[in-house]
Number of protein chains: 2
Amino acid sequence: MTTLQDCRALDAQDPLRGLRELFTLPEGVIYLDGNSLGPLPKHAPERIARAVRQEWGEGLIRSWNTAGWFEMPQRLGDRIAPLVGARPGELVATDSTSINLFKVLSAALSIVQADAPQRRTVVSERSNFPTDLYIAESLCRERGFTLHLLEAEQLPEALDEGTAVLMLTHVNYRTGAMHDMAAVTRAAHAAGALVAWDLAHSAGAVEVDLHAAGADFAVGCGYKYLNGGPGAPAFAWVHPRHADRFWQPLAGWWGHAAPFAFHSDYRPAPGIARYLCGTQPVLSMVALDCGLDTVLAAQPLGGMAALRRKSLALTDLFIALVQERCGGHGLGLATPREHARRGSQVCLTRAEGAYAIVQALVARGVIGDFRAGRPDILRFGFTPLYLRFEDAWNAVEHLREVLESGEWQRPEFHRQQVVT
Amino acid sequence: MTTLQDCRALDAQDPLRGLRELFTLPEGVIYLDGNSLGPLPKHAPERIARAVRQEWGEGLIRSWNTAGWFEMPQRLGDRIAPLVGARPGELVATDSTSINLFKVLSAALSIVQADAPQRRTVVSERSNFPTDLYIAESLCRERGFTLHLLEAEQLPEALDEGTAVLMLTHVNYRTGAMHDMAAVTRAAHAAGALVAWDLAHSAGAVEVDLHAAGADFAVGCGYKYLNGGPGAPAFAWVHPRHADRFWQPLAGWWGHAAPFAFHSDYRPAPGIARYLCGTQPVLSMVALDCGLDTVLAAQPLGGMAALRRKSLALTDLFIALVQERCGGHGLGLATPREHARRGSQVCLTRAEGAYAIVQALVARGVIGDFRAGRPDILRFGFTPLYLRFEDAWNAVEHLREVLESGEWQRPEFHRQQVVT
């Protein structure tokens, strides 16, 4: 049996343990929902206050130049790039993940229409994050393509000479299952299809190398593992071989080759800049910049490889502890045990009461979340930047108490709320 | 001749003069660029800091429920609605103006394709804000429509049985010229076309009554006269007669009828909610909320009607002072003198040196902006919430000195910068 002392020993040896100091974490909270909203970087309040008081308040309109507001999508994009195996100048921080997916998927369809017009199918996973499927459904309808939804096991065999684009989320939001990006991309390319990856649960969480995988397009989220604050701008990446082909349809002035010449005709900027549309929410961008500081602080300590090692150790530990301490309570494991197939979260299943159990845990300060489905899921995100091995032990101890005491059956834990 | 004393007398009688206290304005600055970026509301730093430290830092993911983050697009939309003659539940604050224009124009084209498929032209003004034209150009290309650009004088005669949508910006960004929204909408409807209005330079600046005008669609900007901070979310309005027809193509989960049921099929929410797409930048939303506080603070003092009266008095005064004090320096007036055709800005023209004159004024703390074109334009926005009649006098005095002294000819005022 693993003991609390074992966990504390792991913390004592953890080379990343100092990074926790970069965050403000509320007293008494074990935060296992950084895969939904990363916590507050300690330096963010002061940096955001400076953007508000000095840059907006004192600088006013001049700050577009003097505070570098105008270059933020590219500058932050260049900071995200090394976290996902992209190169400087290839990635922009902008808009929302859904909107960026619309842009890159639309560009992908335009490329296929030009190069291989007989390919008429967009393939994705039925269990993909729904907004990705809605955006794909909308674009397919608009462009005369068919959206074909499969189970992960049916890939890559289902790809054929009719497949235009394979659109996948790298790490599944419900189960934490991870695709082999390089193998799947290779198989899709062998079938003649382009591949668009959603890195919402990958960027800052697992090692990603878009260039090594030969990926075509990618989008990702700023407010999960990148700790960019609620609704932080997302990002878009396009492989340089595709970046100068076609407009994306959200052709706004920020993507124009000469935005301040105020020409009446659209002429797209070269490269990734054409994936920008309108003015970006500067204050939320500043918060994202602070979030990136926290992830990039791990670079001298081994970067994403070191974060990934600790993430796997944390999730291994959590899975083992649930098994050791919470047996006989009907919990299942939805997340793959195999490291190569696991993201940075652990998802448990239970035939009944999953929602109430999550609520009971939240009431105890153990913040995970619930995802409805078949089966319902208790979802626990593990962010190695600020979580300790001791936190995994304590979280499981709370879970054990909630289950053994029947505490989760209290009516107040059954009231439905909006959850994100 | 008007005197400084006259101007001070006007300020003393101004029923709105107290509203200036709602803003932090830098010492020594006369801010005539609120039509590009509104200034900082005095209460915004504390409110934003609370959103950062308490809602994000302490509340973490729970704040989606407890801090009302999830309802912000609708709640802020309901606050904007009375400023533009819309009703509660009809308007959402979200995304950028360009993206919202894409949504509403796309919906408008879908309606025309269903109801009057022979109509294949989108009509707009050649001098419309370029990003609006780029978005229209992109959608027309995608949907097989033709974008037809005219001079304002050619409207409404140019509308005919081939016109699908008339897309106009209510107040021109370069000249400050304003369309008669009701008359133009009536003429477009008489020709069988739908009308989409961009209210970027109208919302919070001039009286707008979308329902009285019978408008079909509208979008607008949060960071200009609504003082929502740099890159604040924009807004979208759709007349209820159209709101439930068709999806807009940016069909993301926030626009789904049941976003947290995580269905794999898209089912649009009823009404304006389907014009939402992905997660919104909460911190920038909070700043917009503060900006709306400042505009809504005028409601008990007469609201938009009172703001409009003062705006016209300010721009009348500025025009008169320029004429009285800056004659013989080659300045022209691009803004209509007629009240019914004037927005809330005054645009001067000059054959040469307009850029340098604006820079020389900025160096003196008189912040207006420059817009290149034929002719080049010196643009001065007048926001009655915080500008005094004395400010108009002092601004013109600086302009006179810059022109008479030849100060604008100094080389440092001729270096080009990015401007927004």
# chains A, B, ... in the order shown; residues from 1 in each chain; ligands from 1
>>> select_by_dssp(residues="range 348-395 of chain A", states="helix (DSSP H, G or I)", output="ChimeraX atom specification")
/A:354-363,389-395
>>> write_last_selection(atoms="C-alpha atoms", output="PDB file, in the first residue's frame")
ATOM      1  CA  ALA A 354     -21.029  10.546 -10.527  1.00  0.00           C
ATOM      2  CA  TYR A 355     -22.398  14.085 -10.553  1.00  0.00           C
ATOM      3  CA  ALA A 356     -23.141  14.091  -6.826  1.00  0.00           C
ATOM      4  CA  ILE A 357     -19.773  12.583  -5.952  1.00  0.00           C
ATOM      5  CA  VAL A 358     -18.023  15.371  -7.867  1.00  0.00           C
ATOM      6  CA  GLN A 359     -20.170  17.949  -6.045  1.00  0.00           C
ATOM      7  CA  ALA A 360     -19.377  16.391  -2.666  1.00  0.00           C
ATOM      8  CA  LEU A 361     -15.674  16.529  -3.505  1.00  0.00           C
ATOM      9  CA  VAL A 362     -15.956  20.171  -4.594  1.00  0.00           C
ATOM     10  CA  ALA A 363     -17.613  20.954  -1.260  1.00  0.00           C
ATOM     11  CA  PHE A 389       2.060  13.903  -5.135  1.00  0.00           C
ATOM     12  CA  GLU A 390       0.627  14.621  -1.710  1.00  0.00           C
ATOM     13  CA  ASP A 391      -2.334  16.290  -3.444  1.00  0.00           C
ATOM     14  CA  ALA A 392      -3.100  13.054  -5.272  1.00  0.00           C
ATOM     15  CA  TRP A 393      -3.050  11.180  -1.975  1.00  0.00           C
ATOM     16  CA  ASN A 394      -5.322  13.681  -0.245  1.00  0.00           C
ATOM     17  CA  ALA A 395      -7.738  13.811  -3.181  1.00  0.00           C
TER      18      ALA A 395
END
>>> interface_residues(of="chain B", to="chain A", cutoff="6 Å", atoms="only C-alpha atoms", output="ChimeraX atom specification")
/B:26,37,40,57-58,61,96,98,130-131,134-135,138,230-232,249,251-253,262,264,266,278-284
>>> select_by_dssp(residues="range 281-373 of chain A", states="strand (DSSP E or B)", output="list in words")
Gly332, Leu333, Arg342, Gln345, Val346, Cys347, Leu348, Thr349, Val366, Ile367, Asp369, Phe370 and Arg371 of chain A
>>> atom_distance(atom1="CA of Gly204 in chain A", atom2="CA of Ala305 in chain A")
10.4 Å
>>> residues_around(residues="Glu338 in chain B", least_positions_apart="5", cutoff="12 Å", atoms="only C-alpha atoms", output="ChimeraX atom specification")
/B:176-180,312,315-316,319,343
>>> residues_around(residues="Gly353 in chain A", least_positions_apart="4", cutoff="12 Å", atoms="only C-alpha atoms", output="PyMOL selection string")
chain A and resi 329-331+348-349+357-360+370-372+375-378+402-403+406-411+413-415
>>> atom_distance(atom1="CA of Ala215 in chain B", atom2="CA of Phe235 in chain B")
15.3 Å
>>> closest_residue(among="B:Leu166, B:Arg87, B:Glu151, B:Thr146", to="Ala108 in chain B", atoms="only C-alpha atoms")
B:Leu166
>>> closest_residue(among="B:Glu21, B:Leu155, B:His201, B:Ala236", to="Ala183 in chain B", atoms="only C-alpha atoms")
B:Leu155
>>> closest_residue(among="A:Met167, A:Leu385, A:Leu288, A:Leu10", to="Ala93 in chain A", atoms="only C-alpha atoms")
A:Leu288
>>> residues_around(residues="Gly303 in chain A", least_positions_apart="4", cutoff="12 Å", atoms="only C-alpha atoms", output="number ranges by chain")
A: 15-16, 19, 82-84, 204-208, 294-299, 307-310, 384-385
>>> atom_distance(atom1="CA of Ala351 in chain B", atom2="CA of Leu32 in chain B")
21.6 Å
>>> residues_around(residues="Leu91 in chain A", least_positions_apart="6", cutoff="10 Å", atoms="only C-alpha atoms", output="list of chain:residue names")
A:Pro73, A:Gln74, A:Arg75, A:Leu76, A:Gly77, A:Asp78, A:Arg79, A:Ile80, A:Ala81, A:Val84, A:Ala218, A:Val219, A:Phe235, A:Ala236, A:Trp237, A:Val238, A:His239, A:Gly271, A:Ile272, A:Ala273, A:Tyr275
>>> residues_around(residues="Ala193 in chain A", least_positions_apart="4", cutoff="8 Å", atoms="only C-alpha atoms", output="list in words")
Leu159, Thr163, Ala164, Val165, Leu166, Ala188 and His189 of chain A
